[in-house]
Amino acid sequence: MASFITVDYDFFPPHEMYKEVEFPDGTTAHGMFVYDWQMDEKRDPMFDAVIWELRCTNFKRWGLDIVERTKPVLSVEDFANRVMAQMDDYSSPTMWRSDSHAWAGILAKDFSELNGPLNVVNFDSHHDLGYHPQALEPFKKDGRIQCDDWALIGLHENYIENYTIVYPDWQGKVEWSPGVKKLTKDFKSRINVTTWSEWNDEIPECEVMHFCRSSAWVPPWLDEGFTKLHEEFGYADCLDCLMGQHNSPYDTCKVRDWDWKLVNEMIAQRMNMIEALELLK
């Protein structure tokens with residue numbers, strides 16, 4: 001059976017959404033409130049930039065270092081070396097990159113027509129098997145494939161035969177909830193859930209690899225790391241350039257604009273405004 005490897009860059013930068021976060025003053029808050037990584041792939045890039053600036057401002061106010069806390073704990077070199085070692089014959093498979101992970105579903109469907117149902121291995125901090133009880137309804141209605149449901153659609157349509165989700169060690173399996181198990185009960189025997197440290201499966205006959213940047217989720221100051229990631233494996237064609245953007249307005253050939261000097265100046269202005277408002281109380 002031919003294999004398809006897909007790597008979401010959000011596998012690398014950690015967050016603490018499922019943990020209790022402690023602030024320098026000793027108080028705590030649940031990570032869902034601290035890491036408000038609410039995403040919408042259709043957001044305008046300028047709006048996304050403002051959101052990331054506000055996140056940086058909030059972390060500064062809380063006394064937290066957002067750069068240090070989102071710094072990847074696994075190097076792309078170590079990742080690439082281990083993945084290639086698990087491939088039974090690394091002969092430079094066809095490689096693609098995109099911004100949206102929805103492209104993985106399209107690629108899986110296309111390559112299954114050439115190679116039959118695929119063995120899919122997804123390195124990701126999200127399972128991409130749908131996040132609500134009616135996850136398949138948009139696809140059934142108009143054939144829409146999205147970043148959060150492409151794997152579920154592939155299993156449902158049988159062009160994905162086996163699906164392995166490899167979670168990063170910094171997150172573990174905490175996202176794998178009873179709700180997901182219920183949603184995917186019909187495909188239970190075809191789904192394998194593991195973590196980076198646990199994963200040790202050989203990947204047979206890898207025909208295609210895919211890398212997605214997930215700009216709506218990953219901080220913009222980490223874009224160069226994504227370029228380094230896919231270059232570790234060879235040359236990956238850009239689907240955003242060749243086929244047009246799907247679900248996302250970003251082009252992975254372009255690193256997002258992010259100037260820390262300007263951002264820090266804006267953060268300082270906001271902090272001054274907050275202090276001034278406090279004095280008026």
# chains A, B, ... in the order shown; residues from 1 in each chain; ligands from 1
call {"tool": "select_by_dssp", "arguments": {"residues": "region 36-150 of chain A", "states": "helix (DSSP H, G or I)", "output": "ChimeraX atom specification"}}
result
/A:45-62,66-69,76-86,102-115,137-142,150
call {"tool": "write_last_selection", "arguments": {"atoms": "C-alpha atoms", "output": "mmCIF file, in the first residue's frame"}}
result
data_model
loop_
_atom_site.group_PDB
_atom_site.id
_atom_site.type_symbol
_atom_site.label_atom_id
_atom_site.label_comp_id
_atom_site.auth_asym_id
_atom_site.auth_seq_id
_atom_site.Cartn_x
_atom_site.Cartn_y
_atom_site.Cartn_z
ATOM 1 C CA PRO A 45 -3.673 38.798 6.552
ATOM 2 C CA MET A 46 -3.752 42.383 7.859
ATOM 3 C CA PHE A 47 -6.352 41.393 10.445
ATOM 4 C CA ASP A 48 -4.277 38.337 11.383
ATOM 5 C CA ALA A 49 -1.230 40.568 11.893
ATOM 6 C CA VAL A 50 -3.174 42.797 14.292
ATOM 7 C CA ILE A 51 -4.361 39.731 16.224
ATOM 8 C CA TRP A 52 -0.778 38.518 16.653
ATOM 9 C CA GLU A 53 0.267 42.008 17.810
ATOM 10 C CA LEU A 54 -2.495 41.952 20.426
ATOM 11 C CA ARG A 55 -1.429 38.488 21.568
ATOM 12 C CA CYS A 56 2.122 39.754 21.976
ATOM 13 C CA THR A 57 0.807 42.730 23.960
ATOM 14 C CA ASN A 58 -1.180 40.478 26.286
ATOM 15 C CA PHE A 59 1.786 38.203 26.941
ATOM 16 C CA LYS A 60 3.907 41.275 27.706
ATOM 17 C CA ARG A 61 1.302 42.531 30.191
ATOM 18 C CA TRP A 62 1.225 39.134 31.881
ATOM 19 C CA ILE A 66 5.707 34.681 23.891
ATOM 20 C CA VAL A 67 8.795 34.046 21.748
ATOM 21 C CA GLU A 68 10.359 31.676 24.265
ATOM 22 C CA ARG A 69 7.068 29.884 24.951
ATOM 23 C CA VAL A 76 13.545 20.259 11.866
ATOM 24 C CA GLU A 77 16.856 18.446 11.293
ATOM 25 C CA ASP A 78 16.122 15.832 13.963
ATOM 26 C CA PHE A 79 12.568 15.494 12.697
ATOM 27 C CA ALA A 80 13.648 14.992 9.092
ATOM 28 C CA ASN A 81 16.372 12.491 9.976
ATOM 29 C CA ARG A 82 14.002 10.322 11.973
ATOM 30 C CA VAL A 83 11.158 10.415 9.432
ATOM 31 C CA MET A 84 13.484 9.536 6.560
ATOM 32 C CA ALA A 85 14.935 6.693 8.608
ATOM 33 C CA GLN A 86 11.437 5.227 9.011
ATOM 34 C CA ALA A 102 -7.047 21.218 3.363
ATOM 35 C CA TRP A 103 -4.693 20.582 0.427
ATOM 36 C CA ALA A 104 -3.749 17.272 2.098
ATOM 37 C CA GLY A 105 -7.240 15.975 1.414
ATOM 38 C CA ILE A 106 -7.074 16.996 -2.231
ATOM 39 C CA LEU A 107 -3.640 15.421 -2.688
ATOM 40 C CA ALA A 108 -4.715 12.215 -0.954
ATOM 41 C CA LYS A 109 -7.720 11.917 -3.244
ATOM 42 C CA ASP A 110 -5.672 12.561 -6.405
ATOM 43 C CA PHE A 111 -2.838 10.190 -5.502
ATOM 44 C CA SER A 112 -5.263 7.441 -4.451
ATOM 45 C CA GLU A 113 -6.580 7.446 -8.014
ATOM 46 C CA LEU A 114 -3.064 6.518 -9.140
ATOM 47 C CA ASN A 115 -1.985 4.271 -6.266
ATOM 48 C CA GLU A 137 -22.162 17.890 6.366
ATOM 49 C CA PRO A 138 -20.262 20.661 4.470
ATOM 50 C CA PHE A 139 -18.597 17.998 2.324
ATOM 51 C CA LYS A 140 -21.866 16.171 1.685
ATOM 52 C CA LYS A 141 -23.502 19.466 0.762
ATOM 53 C CA ASP A 142 -21.008 20.890 -1.712
ATOM 54 C CA TRP A 150 -9.866 16.442 5.358
#
call {"tool": "select_by_dssp", "arguments": {"residues": "region 116-162 of chain A", "states": "strand (DSSP E)", "output": "VMD selection string"}}
result
chain A and resid 118 to 123 160 to 162
call {"tool": "write_last_selection", "arguments": {"atoms": "N, CA and C atoms", "output": "short mmCIF file (atom, residue, chain, number, x, y, z; two decimals), in the first residue's frame"}}
result
data_model
loop_
_atom_site.label_atom_id
_atom_site.label_comp_id
_atom_site.auth_asym_id
_atom_site.auth_seq_id
_atom_site.Cartn_x
_atom_site.Cartn_y
_atom_site.Cartn_z
N LEU A 118 -4.77 4.98 0.36
CA LEU A 118 -3.45 5.31 0.90
C LEU A 118 -3.31 5.04 2.40
N ASN A 119 -2.08 4.81 2.78
CA ASN A 119 -1.68 4.81 4.18
C ASN A 119 -1.20 6.23 4.48
N VAL A 120 -1.93 6.96 5.31
CA VAL A 120 -1.62 8.37 5.58
C VAL A 120 -1.03 8.52 6.97
N VAL A 121 0.11 9.23 7.05
CA VAL A 121 0.74 9.54 8.33
C VAL A 121 0.77 11.06 8.45
N ASN A 122 0.10 11.58 9.48
CA ASN A 122 -0.03 13.02 9.67
C ASN A 122 0.67 13.45 10.96
N PHE A 123 1.71 14.28 10.82
CA PHE A 123 2.40 14.87 11.97
C PHE A 123 1.75 16.22 12.25
N ILE A 160 -8.49 7.15 1.83
CA ILE A 160 -7.54 6.90 2.91
C ILE A 160 -7.92 5.57 3.54
N GLU A 161 -7.03 4.60 3.45
CA GLU A 161 -7.30 3.28 4.02
C GLU A 161 -6.94 3.24 5.50
N ASN A 162 -5.72 3.71 5.82
CA ASN A 162 -5.26 3.77 7.21
C ASN A 162 -4.76 5.17 7.51
#
call {"tool": "residues_around", "arguments": {"residues": "region 252-265 of chain A", "least_positions_apart": "2", "cutoff": "8 Å", "atoms": "only C-alpha atoms", "output": "number ranges by chain"}}
result
A: 53, 97-99, 213, 220-221, 223-224, 238, 240-241, 250, 267-269
call {"tool": "write_last_selection", "arguments": {"atoms": "N, CA and C atoms", "output": "PDB file, in the first residue's frame"}}
result
ATOM      1  N   GLU A  53      -0.268  40.885  17.034  1.00  0.00           N
ATOM      2  CA  GLU A  53       0.267  42.008  17.810  1.00  0.00           C
ATOM      3  C   GLU A  53      -0.426  42.104  19.163  1.00  0.00           C
ATOM      4  N   ARG A  97       3.953  21.782  -0.991  1.00  0.00           N
ATOM      5  CA  ARG A  97       3.738  22.602   0.203  1.00  0.00           C
ATOM      6  C   ARG A  97       2.579  23.553  -0.042  1.00  0.00           C
ATOM      7  N   SER A  98       1.952  23.948   1.022  1.00  0.00           N
ATOM      8  CA  SER A  98       0.806  24.852   0.917  1.00  0.00           C
ATOM      9  C   SER A  98       0.631  25.556   2.254  1.00  0.00           C
ATOM     10  N   ASP A  99      -0.290  26.480   2.307  1.00  0.00           N
ATOM     11  CA  ASP A  99      -0.583  27.108   3.591  1.00  0.00           C
ATOM     12  C   ASP A  99      -1.653  26.322   4.341  1.00  0.00           C
ATOM     13  N   ARG A 213       1.874  25.231   6.221  1.00  0.00           N
ATOM     14  CA  ARG A 213       2.378  26.225   7.176  1.00  0.00           C
ATOM     15  C   ARG A 213       1.355  26.607   8.239  1.00  0.00           C
ATOM     16  N   PRO A 220       3.776  34.329  13.084  1.00  0.00           N
ATOM     17  CA  PRO A 220       4.452  34.769  11.859  1.00  0.00           C
ATOM     18  C   PRO A 220       5.967  34.834  11.969  1.00  0.00           C
ATOM     19  N   TRP A 221       6.497  35.013  13.181  1.00  0.00           N
ATOM     20  CA  TRP A 221       7.954  35.111  13.321  1.00  0.00           C
ATOM     21  C   TRP A 221       8.648  33.758  13.156  1.00  0.00           C
ATOM     22  N   ASP A 223       8.023  31.756  10.398  1.00  0.00           N
ATOM     23  CA  ASP A 223       7.865  31.348   8.995  1.00  0.00           C
ATOM     24  C   ASP A 223       9.141  30.779   8.376  1.00  0.00           C
ATOM     25  N   GLU A 224      10.283  31.347   8.708  1.00  0.00           N
ATOM     26  CA  GLU A 224      11.524  30.863   8.103  1.00  0.00           C
ATOM     27  C   GLU A 224      11.816  29.415   8.504  1.00  0.00           C
ATOM     28  N   CYS A 238       5.159  24.605  -4.695  1.00  0.00           N
ATOM     29  CA  CYS A 238       4.180  25.388  -3.946  1.00  0.00           C
ATOM     30  C   CYS A 238       2.809  25.300  -4.620  1.00  0.00           C
ATOM     31  N   ASP A 240       0.140  26.789  -3.600  1.00  0.00           N
ATOM     32  CA  ASP A 240      -0.479  28.116  -3.586  1.00  0.00           C
ATOM     33  C   ASP A 240      -0.137  28.900  -4.857  1.00  0.00           C
ATOM     34  N   CYS A 241       1.065  28.672  -5.372  1.00  0.00           N
ATOM     35  CA  CYS A 241       1.490  29.362  -6.599  1.00  0.00           C
ATOM     36  C   CYS A 241       0.967  28.659  -7.854  1.00  0.00           C
ATOM     37  N   TYR A 250      -2.897  33.043   2.227  1.00  0.00           N
ATOM     38  CA  TYR A 250      -1.443  33.115   2.294  1.00  0.00           C
ATOM     39  C   TYR A 250      -0.774  32.272   1.213  1.00  0.00           C
ATOM     40  N   ILE A 267       3.553  47.747  21.015  1.00  0.00           N
ATOM     41  CA  ILE A 267       3.258  47.184  22.332  1.00  0.00           C
ATOM     42  C   ILE A 267       3.503  48.231  23.413  1.00  0.00           C
ATOM     43  N   ALA A 268       4.614  48.969  23.293  1.00  0.00           N
ATOM     44  CA  ALA A 268       4.932  50.016  24.269  1.00  0.00           C
ATOM     45  C   ALA A 268       3.847  51.097  24.276  1.00  0.00           C
ATOM     46  N   GLN A 269       3.366  51.480  23.094  1.00  0.00           N
ATOM     47  CA  GLN A 269       2.304  52.484  23.012  1.00  0.00           C
ATOM     48  C   GLN A 269       1.043  51.996  23.709  1.00  0.00           C
TER      49      GLN A 269
END
call {"tool": "residues_around", "arguments": {"residues": "region 174-180 of chain A", "least_positions_apart": "4", "cutoff": "10 Å", "atoms": "only C-alpha atoms", "output": "VMD selection string"}}
result
chain A and resid 18 to 19 125 to 127 129 to 133 167 184 to 185 193
call {"tool": "write_last_selection", "arguments": {"atoms": "C-alpha atoms", "output": "PDB file, in the first residue's frame"}}
result
ATOM      1  CA  TYR A  18      -4.516  22.316  27.686  1.00  0.00           C
ATOM      2  CA  LYS A  19      -2.509  23.290  30.774  1.00  0.00           C
ATOM      3  CA  SER A 125      -1.026  19.041  16.773  1.00  0.00           C
ATOM      4  CA  HIS A 126      -4.620  18.585  15.476  1.00  0.00           C
ATOM      5  CA  HIS A 127      -6.241  15.327  14.398  1.00  0.00           C
ATOM      6  CA  LEU A 129     -10.967  14.407  11.827  1.00  0.00           C
ATOM      7  CA  GLY A 130     -13.690  16.988  12.383  1.00  0.00           C
ATOM      8  CA  TYR A 131     -14.511  19.015  15.471  1.00  0.00           C
ATOM      9  CA  HIS A 132     -18.309  18.871  15.684  1.00  0.00           C
ATOM     10  CA  PRO A 133     -20.940  16.122  15.345  1.00  0.00           C
ATOM     11  CA  TYR A 167       0.989  14.246  18.019  1.00  0.00           C
ATOM     12  CA  THR A 184     -14.760   8.335  14.199  1.00  0.00           C
ATOM     13  CA  LYS A 185     -16.214   5.094  15.609  1.00  0.00           C
ATOM     14  CA  VAL A 193      -3.196   7.642  17.515  1.00  0.00           C
TER      15      VAL A 193
END
call {"tool": "atom_distance", "arguments": {"atom1": "CA of Cys147 (chain A)", "atom2": "CA of Trp37 (chain A)"}}
result
15.2 Å
call {"tool": "closest_atom_pairs", "arguments": {"of": "region 154-266 of chain A", "to": "region 2-5 of chain A", "cutoff": "8 Å", "atoms": "only C-alpha atoms", "output": "tab-separated table"}}
result
residue	atom	partner	partner_atom	distance
A:Ile203	CA	A:Ser3	CA	6.7
A:Pro204	CA	A:Ser3	CA	6.2
A:Glu205	CA	A:Ala2	CA	4.9
A:Cys206	CA	A:Ser3	CA	4.4
A:Glu207	CA	A:Ser3	CA	6.0
A:Val208	CA	A:Phe4	CA	5.2
A:Met209	CA	A:Ile5	CA	4.8
A:His210	CA	A:Ile5	CA	6.3
call {"tool": "atom_distance", "arguments": {"atom1": "CA of Trp170 (chain A)", "atom2": "CA of Thr6 (chain A)"}}
result
19.1 Å
